[in-house]
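Quick look at coords_11.cif (mmCIF, C-alpha atoms):
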data_run
#
loop_
_atom_site.label_atom_id
_atom_site.label_comp_id
_atom_site.auth_asym_id
_atom_site.auth_seq_id
_atom_site.Cartn_x
_atom_site.Cartn_y
_atom_site.Cartn_z
CA MET A 21 14.04 -14.03 6.68
CA ASN A 22 13.62 -15.15 10.26
CA TRP A 23 11.29 -12.55 11.76
CA GLN A 24 12.42 -13.50 15.28
CA ASN A 25 16.05 -12.59 14.64
CA HIS A 26 17.38 -10.00 17.08
CA LEU A 27 18.81 -6.86 15.51
CA HIS A 28 21.77 -4.86 16.76
CA ASP A 29 21.29 -1.69 14.75
CA TYR A 30 22.09 0.96 17.34
CA CYS A 31 25.03 1.89 19.53
CA GLU A 32 23.10 1.74 22.81
CA ARG A 33 22.11 -1.92 22.34
CA VAL A 34 24.81 -4.30 23.56
CA SER A 35 22.58 -7.36 24.16
CA PRO A 36 19.25 -8.81 23.00
CA ALA A 37 17.67 -7.98 26.38
CA PHE A 38 14.30 -6.21 26.42
CA TRP A 39 15.60 -3.11 28.22
CA ALA A 40 18.96 -2.86 26.43
CA GLU A 41 18.01 0.50 24.82
CA PRO A 42 16.29 2.44 27.61
CA VAL A 43 17.14 5.92 26.28
CA ASN A 44 16.22 5.06 22.68
CA ALA A 45 12.99 3.50 23.90
CA LEU A 46 11.92 6.25 26.30
CA SER A 47 12.80 9.07 23.90
CA ASN A 48 9.83 7.96 21.79
CA ALA A 49 7.61 9.70 24.34
CA VAL A 50 8.24 12.85 22.28
CA PHE A 51 5.92 11.50 19.56
CA LEU A 52 3.14 10.94 22.08
CA LEU A 53 3.67 14.45 23.44
CA ALA A 54 3.50 15.90 19.92
CA ALA A 55 0.29 13.96 19.27
CA VAL A 56 -1.31 15.33 22.45
CA ILE A 57 -0.32 18.93 21.63
CA VAL A 58 -1.75 18.76 18.10
CA TRP A 59 -4.86 16.95 19.32
CA ARG A 60 -5.52 19.73 21.84
CA MET A 61 -5.06 22.25 19.04
CA GLN A 62 -7.58 20.39 16.89
CA ARG A 63 -10.19 20.33 19.65
CA LYS A 64 -10.91 24.02 19.01
CA THR A 65 -12.63 23.15 15.74
CA ARG A 66 -14.01 20.08 14.02
CA VAL A 67 -11.12 19.29 11.67
CA PRO A 68 -11.12 17.05 8.59
CA ALA A 69 -10.24 13.38 8.97
CA SER A 70 -7.11 14.02 6.89
CA LEU A 71 -5.75 16.11 9.79
CA THR A 72 -7.02 13.89 12.59
CA VAL A 73 -5.28 10.85 11.11
CA LEU A 74 -1.93 12.62 11.48
CA VAL A 75 -2.40 12.77 15.25
CA VAL A 76 -3.18 9.06 15.36
CA LEU A 77 -0.14 8.27 13.24
CA MET A 78 2.16 10.31 15.49
CA ALA A 79 1.03 8.23 18.46
CA VAL A 80 1.44 5.01 16.47
CA ILE A 81 4.98 6.04 15.50
CA GLY A 82 5.86 6.51 19.16
CA VAL A 83 4.41 3.17 20.23
CA GLY A 84 5.85 1.27 17.26
CA SER A 85 9.33 2.68 17.74
CA PHE A 86 9.17 1.93 21.48
CA VAL A 87 8.35 -1.70 20.70
CA PHE A 88 11.21 -1.94 18.23
CA HIS A 89 13.77 -0.44 20.61
CA THR A 90 12.77 -2.90 23.33
CA VAL A 91 11.99 -6.12 21.45
CA ALA A 92 14.53 -5.41 18.67
CA THR A 93 13.44 -8.18 16.30
CA ALA A 94 12.96 -8.19 12.54
CA TRP A 95 9.16 -8.19 12.86
CA SER A 96 9.17 -5.30 15.34
CA GLN A 97 11.24 -3.25 12.91
CA LEU A 98 8.15 -3.08 10.70
CA LEU A 99 6.32 -1.37 13.56
CA ASP A 100 9.07 1.24 13.50
CA VAL A 101 9.41 2.03 9.80
CA VAL A 102 5.92 1.45 8.38
CA PRO A 103 4.08 4.09 10.49
CA ILE A 104 6.75 6.65 9.59
CA GLY A 105 6.28 5.95 5.89
CA VAL A 106 2.49 6.14 6.21
CA PHE A 107 2.73 9.46 8.07
CA VAL A 108 5.02 10.96 5.43
CA CYS A 109 2.64 9.95 2.63
CA CYS A 110 -0.50 11.13 4.45
CA TYR A 111 1.12 14.43 5.41
CA LEU A 112 2.32 15.10 1.87
CA ALA A 113 -1.16 14.43 0.49
CA ALA A 114 -2.73 16.72 3.11
CA TYR A 115 -0.12 19.40 2.44
CA LEU A 116 -0.84 19.40 -1.30
CA HIS A 117 -4.59 19.42 -0.69
CA TRP A 118 -4.91 22.02 2.07
CA PHE A 119 -2.01 24.34 1.22
CA TRP A 120 -2.25 24.21 -2.55
CA ARG A 121 -5.89 23.10 -2.97
CA TRP A 122 -5.06 20.12 -5.14
CA ALA A 123 -7.86 17.60 -5.57
CA TRP A 124 -7.31 14.48 -3.45
CA SER A 125 -6.78 12.37 -6.56
CA ARG A 126 -4.05 14.69 -7.79
CA ALA A 127 -2.50 14.95 -4.32
CA TRP A 128 -2.24 11.18 -3.97
CA LEU A 129 -0.77 10.98 -7.46
CA GLY A 130 1.93 13.35 -6.22
CA VAL A 131 2.48 11.03 -3.26
CA LEU A 132 2.91 8.08 -5.63
CA VAL A 133 5.58 10.00 -7.54
CA PHE A 134 7.34 10.81 -4.27
CA ALA A 135 7.16 7.17 -3.15
CA GLY A 136 8.61 6.12 -6.50
CA VAL A 137 11.58 8.44 -6.01
CA CYS A 138 12.15 7.01 -2.52
CA ALA A 139 11.98 3.43 -3.83
CA ALA A 140 14.36 4.24 -6.69
CA THR A 141 16.83 5.79 -4.23
CA VAL A 142 16.86 2.61 -2.14
CA LEU A 143 17.15 0.35 -5.20
CA VAL A 144 20.10 2.28 -6.60
CA PHE A 145 22.06 2.95 -3.41
CA GLY A 146 20.75 0.31 -0.98
CA ASN A 147 18.80 0.87 2.22
CA ARG A 148 21.89 0.47 4.45
CA SER A 149 23.79 3.39 2.95
CA ILE A 150 24.94 6.06 5.42
CA ASN A 151 23.88 3.90 8.35
CA GLY A 152 20.36 3.36 6.97
CA SER A 153 19.59 7.07 6.63
CA LEU A 154 19.64 7.23 2.83
CA PRO A 155 15.88 6.49 2.35
CA TYR A 156 15.15 9.66 4.32
CA LEU A 157 17.09 11.98 2.01
CA PRO A 158 14.15 12.38 -0.41
CA VAL A 159 12.05 13.44 2.58
CA LEU A 160 14.61 16.11 3.45
CA ALA A 161 14.68 17.31 -0.16
CA THR A 162 10.88 17.43 -0.27
CA LEU A 163 10.75 19.44 2.96
CA ALA A 164 13.20 21.93 1.52
CA GLY A 165 11.14 22.13 -1.67
CA CYS A 166 7.93 22.73 0.29
CA THR A 167 9.67 25.52 2.20
CA VAL A 168 10.80 27.28 -0.97
CA ALA A 169 7.38 26.87 -2.59
CA LEU A 170 5.63 28.45 0.41
CA ALA A 171 8.18 31.28 0.65
CA LEU A 172 7.63 32.14 -3.02
CA SER A 173 3.84 31.94 -2.82
CA ARG A 174 1.95 35.18 -3.45
CA GLU A 175 -0.87 34.09 -1.18
CA ARG A 176 -0.28 35.67 2.22
CA GLU A 177 -1.97 32.99 4.34
CA ARG A 178 0.04 30.27 2.61
CA ALA A 179 3.38 32.09 2.58
CA ALA A 180 3.09 32.81 6.31
CA HIS A 181 4.05 29.20 7.08
CA TRP A 182 7.36 29.04 5.22
CA ARG A 183 9.31 29.70 8.42
CA ALA A 184 7.72 26.70 10.13
CA PHE A 185 8.72 24.51 7.20
CA ALA A 186 12.22 26.00 7.19
CA LEU A 187 12.54 25.16 10.89
CA ALA A 188 11.28 21.63 10.24
CA THR A 189 13.83 21.24 7.43
CA VAL A 190 16.72 22.29 9.68
CA LEU A 191 15.50 20.05 12.51
CA PHE A 192 15.14 17.08 10.19
CA ALA A 193 18.61 17.64 8.74
CA GLY A 194 19.98 17.56 12.29
CA ALA A 195 17.94 14.46 13.09
CA LEU A 196 19.35 12.69 10.04
CA LEU A 197 22.87 13.67 11.03
CA PHE A 198 22.51 12.17 14.50
CA ARG A 199 20.87 9.05 13.08
CA THR A 200 23.80 8.58 10.70
CA LEU A 201 26.50 9.20 13.32
CA ASP A 202 25.07 6.75 15.89
CA PHE A 203 27.60 3.91 15.49
CA ALA A 204 30.47 6.29 14.72
CA ALA A 205 29.91 7.92 18.12
CA CYS A 206 30.06 4.64 20.06
CA ALA A 207 33.75 4.84 20.91
CA ARG A 208 33.43 8.24 22.61
CA PHE A 209 29.75 8.16 23.56
CA PRO A 210 28.53 4.60 24.28
CA LEU A 211 24.93 5.81 24.55
CA GLY A 212 24.96 6.70 20.88
CA THR A 213 23.04 9.51 19.18
CA HIS A 214 19.95 7.72 17.91
CA PHE A 215 17.79 9.10 20.71
CA LEU A 216 18.43 12.58 19.28
CA TRP A 217 16.90 11.35 16.01
CA HIS A 218 13.73 10.63 17.98
CA LEU A 219 13.69 13.93 19.84
CA LEU A 220 14.33 16.08 16.79
CA ASN A 221 12.00 14.05 14.60
CA GLY A 222 9.22 14.45 17.16
CA ALA A 223 9.79 18.21 16.99
CA VAL A 224 9.60 18.04 13.18
CA LEU A 225 6.24 16.28 13.23
CA LEU A 226 4.93 18.75 15.80
CA VAL A 227 6.01 21.82 13.82
CA LEU A 228 4.66 20.50 10.52
CA SER A 229 1.35 19.30 11.95
CA ARG A 230 0.75 22.54 13.83
CA ALA A 231 1.42 24.52 10.65
CA LEU A 232 -1.03 22.42 8.66
CA VAL A 233 -3.80 22.64 11.27
CA ALA A 234 -3.24 26.38 11.77
CA HIS A 235 -3.45 26.98 8.03
CA TRP A 236 -6.68 24.99 7.76
CA GLN A 237 -8.21 26.86 10.68
CA ARG A 238 -7.29 30.26 9.27
CA THR A 239 -8.49 29.56 5.75
CA ARG A 240 -11.71 28.08 7.16
CA ARG A 241 -12.40 31.27 9.08
CA SER A 242 -11.61 33.44 6.05
CA GLY A 243 -13.81 31.30 3.80
CA GLU A 244 -11.24 30.66 1.08
CA PRO A 245 -12.21 28.38 -1.84
CA GLY A 246 -12.00 24.70 -1.00
CA THR A 247 -12.65 25.14 2.72
CA PRO A 248 -15.85 24.20 4.58
CA ALA A 249 -16.65 27.82 5.38
CA ALA A 250 -16.56 28.68 1.70
CA THR A 251 -18.50 25.68 0.45
CA GLY A 252 -20.93 25.42 3.35
CA SER A 253 -20.60 21.63 3.20
CA SER A 254 -20.07 19.55 6.32
CA ASP A 255 -18.99 16.66 4.08
CA ALA A 256 -15.74 18.51 3.38
CA VAL A 257 -14.92 18.30 7.08
CA ALA A 258 -15.61 14.65 7.52
CA ARG A 259 -14.10 13.44 4.27
CA PRO A 260 -11.27 10.90 4.79
CA ALA A 261 -7.71 11.75 3.82
CA GLY A 262 -7.64 9.16 1.06
#
Could you quickly redo this structure as structure tokens?
Amino acid sequence: MNWQNHLHDYCERVSPAFWAEPVNALSNAVFLLAAVIVWRMQRKTRVPASLTVLVVLMAVIGVGSFVFHTVATAWSQLLDVVPIGVFVCCYLAAYLHWFWRWAWSRAWLGVLVFAGVCAATVLVFGNRSINGSLPYLPVLATLAGCTVALALSRERERAAHWRAFALATVLFAGALLFRTLDFAACARFPLGTHFLWHLLNGAVLLVLSRALVAHWQRTRRSGEPGTPAATGSSDAVARPAG
């Protein structure tokens, strides 16, 4: 593969020029905004590194996607897709650990299973299916599963967040739809719909991250098992996500 090859993957881009996708590029500001909002939320308490890293990754997603939608080369595409994949894996591990109190080793084992399903989906159907959106379908299914699991939970503090996950699931389904329809919309809407993927996806990351931080803060105050308030250990706060 020639990593310098220019890619024409989106309706808005009609040339290899740097500023050929201004709307797609600028819409990535939503990820930076989401990162700032969650960071300000985290400033109220000293949160674990596993939550702080999500803020960093949201900002990296915004910067990486901006680079890709301006440079539009094969190498810059890695800056777009890799941070998203890392965020999904880190969030899933943190979700399993903080919502369901799984040990980190077990949580990351769950992430490996999820990653295996995603890889198998791509191998079987190809990563270009439905305009490149197919690899994200396992993410949508996992979000829906997390929503149902929280809604059915008998623990009040945990179940309280099912609506946030339901909203994130609906938003992500809409984001996937607009990502898939981008080229199909070119004839009637030359701007394309990919920028809506960015805007809705930024909202998804914001909703999910706020729910996770809010849950950690509430359980910390109530002193539930597995939280720093319950264990009295500052190491639990500073422990890395991995």
Please tabulate, as a Markdown table, the residues of region 108-129 of chain A that come within 10 Å of region 165-189 of chain A, each with its closest pair of atoms and the distance in Å to one decimal, counting only C-alpha atoms and ordering rows by chain, then residue number upward.
| residue | atom | partner | partner_atom | distance |
| --- | --- | --- | --- | --- |
| A:Leu112 | CA | A:Cys166 | CA | 9.6 |
| A:Tyr115 | CA | A:Cys166 | CA | 9.0 |
| A:Leu116 | CA | A:Cys166 | CA | 9.5 |
| A:Trp118 | CA | A:Arg178 | CA | 9.6 |
| A:Phe119 | CA | A:Arg178 | CA | 6.4 |
| A:Trp120 | CA | A:Arg178 | CA | 8.3 |
Gap from CA of Ala79 (chain A) to CA of Ile57 (chain A) - Å, one decimal: 11.2 Å
Which residue of A:Phe88, A:Phe107, A:Phe51, A:Phe203 approaches Cys31 (chain A) most closely, using all atoms listed in the file: A:Phe203
Residues selected by the PyMOL selection byres ((chain A and resi 133-138) around 12), written as a ChimeraX atom specification: /A:105-106,108-110,112-113,126-132,139-147,153-163
Residues selected by the PyMOL selection byres ((chain A and resi 229) around 9), written as number ranges by chain: A: 54, 58, 71, 74-75, 111, 224-228, 230-234
Pairwise distance for CA of Ala55 (chain A) and CA of His28 (chain A), rounded to one decimal in Å: 28.7 Å
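Using only C-alpha atoms, the contacts of region 215-221 of chain A at a cut-off of 9 Å, with sequence neighbours closer than 6 positions omitted, comprise Val43, Asn44, Ala45, Leu46, Ser47, Asn48, Ala49, Val50, Phe51, Gly82, Ala188, Leu191, Phe192, Gly194, Ala195, Leu196, Leu197, Phe198 and Arg199 of chain A.
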Straight-line distance linking CA of Gln237 (chain A) with CA of Val83 (chain A), stated in Å to one decimal: 28.5 Å
Residue with smallest distance to Arg33 (chain A) - pool A:Ala69, A:Val190, A:Ala92, A:Ala223, counting only C-alpha atoms: A:Ala92
Residue nearest Ala37 (chain A) - candidates A:Val91, A:Val56, A:Ile81, A:Cys206, atoms counted: all atoms listed in the file: A:Val91
Expected residue set, 6 Å radius at (-6.3, 15.7, 0.5), all atoms listed in the file, as a ChimeraX atom specification: /A:113-114,117,124,261
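Residue selection for this entry, given the PyMOL selection byres ((chain A and resi 36) around 12), comprises Gln24, Asn25, His26, Leu27, His28, Asp29, Tyr30, Glu32, Arg33, Val34, Ser35, Ala37, Phe38, Trp39, Ala40, Glu41, Phe88, His89, Thr90, Val91, Ala92 and Thr93 of chain A.
Proximity of A:Val76, A:Ser96, A:Ala204, A:Phe86 to Asn22 (chain A), computed with all atoms listed in the file, is greatest for A:Ser96.
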Complete the atoms of region 47-79 of chain A to N, CA and C atoms and put them out as a PDB file, in the frame of the given file.
ATOM      1  N   SER A  47      12.821   7.824  24.669  1.00  0.00           N
ATOM      2  CA  SER A  47      12.800   9.070  23.900  1.00  0.00           C
ATOM      3  C   SER A  47      11.640   9.120  22.915  1.00  0.00           C
ATOM      4  N   ASN A  48      10.992   7.974  22.678  1.00  0.00           N
ATOM      5  CA  ASN A  48       9.830   7.960  21.790  1.00  0.00           C
ATOM      6  C   ASN A  48       8.616   8.638  22.409  1.00  0.00           C
ATOM      7  N   ALA A  49       8.701   8.968  23.692  1.00  0.00           N
ATOM      8  CA  ALA A  49       7.610   9.700  24.340  1.00  0.00           C
ATOM      9  C   ALA A  49       7.377  11.050  23.656  1.00  0.00           C
ATOM     10  N   VAL A  50       8.391  11.562  22.958  1.00  0.00           N
ATOM     11  CA  VAL A  50       8.240  12.850  22.280  1.00  0.00           C
ATOM     12  C   VAL A  50       7.149  12.786  21.211  1.00  0.00           C
ATOM     13  N   PHE A  51       6.972  11.631  20.578  1.00  0.00           N
ATOM     14  CA  PHE A  51       5.920  11.500  19.560  1.00  0.00           C
ATOM     15  C   PHE A  51       4.538  11.530  20.195  1.00  0.00           C
ATOM     16  N   LEU A  52       4.415  10.912  21.358  1.00  0.00           N
ATOM     17  CA  LEU A  52       3.140  10.940  22.080  1.00  0.00           C
ATOM     18  C   LEU A  52       2.833  12.361  22.545  1.00  0.00           C
ATOM     19  N   LEU A  53       3.862  13.071  23.022  1.00  0.00           N
ATOM     20  CA  LEU A  53       3.670  14.450  23.440  1.00  0.00           C
ATOM     21  C   LEU A  53       3.230  15.324  22.267  1.00  0.00           C
ATOM     22  N   ALA A  54       3.873  15.136  21.114  1.00  0.00           N
ATOM     23  CA  ALA A  54       3.500  15.900  19.920  1.00  0.00           C
ATOM     24  C   ALA A  54       2.053  15.605  19.528  1.00  0.00           C
ATOM     25  N   ALA A  55       1.654  14.336  19.613  1.00  0.00           N
ATOM     26  CA  ALA A  55       0.290  13.960  19.270  1.00  0.00           C
ATOM     27  C   ALA A  55      -0.718  14.643  20.189  1.00  0.00           C
ATOM     28  N   VAL A  56      -0.404  14.690  21.478  1.00  0.00           N
ATOM     29  CA  VAL A  56      -1.310  15.330  22.450  1.00  0.00           C
ATOM     30  C   VAL A  56      -1.427  16.827  22.175  1.00  0.00           C
ATOM     31  N   ILE A  57      -0.308  17.485  21.884  1.00  0.00           N
ATOM     32  CA  ILE A  57      -0.320  18.930  21.630  1.00  0.00           C
ATOM     33  C   ILE A  57      -1.168  19.252  20.402  1.00  0.00           C
ATOM     34  N   VAL A  58      -0.985  18.498  19.317  1.00  0.00           N
ATOM     35  CA  VAL A  58      -1.750  18.760  18.100  1.00  0.00           C
ATOM     36  C   VAL A  58      -3.212  18.398  18.291  1.00  0.00           C
ATOM     37  N   TRP A  59      -3.477  17.325  19.041  1.00  0.00           N
ATOM     38  CA  TRP A  59      -4.860  16.950  19.320  1.00  0.00           C
ATOM     39  C   TRP A  59      -5.578  18.053  20.087  1.00  0.00           C
ATOM     40  N   ARG A  60      -4.908  18.636  21.080  1.00  0.00           N
ATOM     41  CA  ARG A  60      -5.520  19.730  21.840  1.00  0.00           C
ATOM     42  C   ARG A  60      -5.757  20.939  20.946  1.00  0.00           C
ATOM     43  N   MET A  61      -4.882  21.151  19.999  1.00  0.00           N
ATOM     44  CA  MET A  61      -5.060  22.250  19.040  1.00  0.00           C
ATOM     45  C   MET A  61      -6.275  21.994  18.156  1.00  0.00           C
ATOM     46  N   GLN A  62      -6.475  20.745  17.776  1.00  0.00           N
ATOM     47  CA  GLN A  62      -7.580  20.390  16.890  1.00  0.00           C
ATOM     48  C   GLN A  62      -8.933  20.432  17.599  1.00  0.00           C
ATOM     49  N   ARG A  63      -8.926  20.341  18.919  1.00  0.00           N
ATOM     50  CA  ARG A  63     -10.190  20.330  19.650  1.00  0.00           C
ATOM     51  C   ARG A  63     -10.956  21.645  19.524  1.00  0.00           C
ATOM     52  N   LYS A  64     -10.264  22.714  19.136  1.00  0.00           N
ATOM     53  CA  LYS A  64     -10.910  24.020  19.010  1.00  0.00           C
ATOM     54  C   LYS A  64     -11.935  24.032  17.887  1.00  0.00           C
ATOM     55  N   THR A  65     -11.715  23.219  16.875  1.00  0.00           N
ATOM     56  CA  THR A  65     -12.630  23.150  15.740  1.00  0.00           C
ATOM     57  C   THR A  65     -12.768  21.699  15.296  1.00  0.00           C
ATOM     58  N   ARG A  66     -13.824  21.414  14.565  1.00  0.00           N
ATOM     59  CA  ARG A  66     -14.010  20.080  14.020  1.00  0.00           C
ATOM     60  C   ARG A  66     -13.198  19.984  12.725  1.00  0.00           C
ATOM     61  N   VAL A  67     -12.055  19.317  12.800  1.00  0.00           N
ATOM     62  CA  VAL A  67     -11.120  19.290  11.670  1.00  0.00           C
ATOM     63  C   VAL A  67     -11.417  18.109  10.750  1.00  0.00           C
ATOM     64  N   PRO A  68     -10.928  18.175   9.517  1.00  0.00           N
ATOM     65  CA  PRO A  68     -11.120  17.050   8.590  1.00  0.00           C
ATOM     66  C   PRO A  68     -10.390  15.798   9.063  1.00  0.00           C
ATOM     67  N   ALA A  69     -10.860  14.662   8.609  1.00  0.00           N
ATOM     68  CA  ALA A  69     -10.240  13.380   8.970  1.00  0.00           C
ATOM     69  C   ALA A  69      -8.794  13.324   8.492  1.00  0.00           C
ATOM     70  N   SER A  70      -8.480  14.034   7.409  1.00  0.00           N
ATOM     71  CA  SER A  70      -7.110  14.020   6.890  1.00  0.00           C
ATOM     72  C   SER A  70      -6.133  14.666   7.851  1.00  0.00           C
ATOM     73  N   LEU A  71      -6.604  15.517   8.767  1.00  0.00           N
ATOM     74  CA  LEU A  71      -5.750  16.110   9.790  1.00  0.00           C
ATOM     75  C   LEU A  71      -5.759  15.281  11.066  1.00  0.00           C
ATOM     76  N   THR A  72      -6.920  14.728  11.397  1.00  0.00           N
ATOM     77  CA  THR A  72      -7.020  13.890  12.590  1.00  0.00           C
ATOM     78  C   THR A  72      -6.134  12.651  12.486  1.00  0.00           C
ATOM     79  N   VAL A  73      -6.064  12.075  11.288  1.00  0.00           N
ATOM     80  CA  VAL A  73      -5.280  10.850  11.110  1.00  0.00           C
ATOM     81  C   VAL A  73      -3.806  11.093  11.388  1.00  0.00           C
ATOM     82  N   LEU A  74      -3.335  12.314  11.204  1.00  0.00           N
ATOM     83  CA  LEU A  74      -1.930  12.620  11.480  1.00  0.00           C
ATOM     84  C   LEU A  74      -1.621  12.500  12.969  1.00  0.00           C
ATOM     85  N   VAL A  75      -2.577  12.905  13.800  1.00  0.00           N
ATOM     86  CA  VAL A  75      -2.400  12.770  15.250  1.00  0.00           C
ATOM     87  C   VAL A  75      -2.297  11.302  15.636  1.00  0.00           C
ATOM     88  N   VAL A  76      -3.192  10.494  15.077  1.00  0.00           N
ATOM     89  CA  VAL A  76      -3.180   9.060  15.360  1.00  0.00           C
ATOM     90  C   VAL A  76      -1.856   8.445  14.930  1.00  0.00           C
ATOM     91  N   LEU A  77      -1.382   8.833  13.758  1.00  0.00           N
ATOM     92  CA  LEU A  77      -0.140   8.270  13.240  1.00  0.00           C
ATOM     93  C   LEU A  77       1.066   8.680  14.083  1.00  0.00           C
ATOM     94  N   MET A  78       1.071   9.898  14.618  1.00  0.00           N
ATOM     95  CA  MET A  78       2.160  10.310  15.490  1.00  0.00           C
ATOM     96  C   MET A  78       2.236   9.413  16.731  1.00  0.00           C
ATOM     97  N   ALA A  79       1.066   9.118  17.290  1.00  0.00           N
ATOM     98  CA  ALA A  79       1.030   8.230  18.460  1.00  0.00           C
ATOM     99  C   ALA A  79       1.480   6.828  18.086  1.00  0.00           C
TER     100      ALA A  79
END
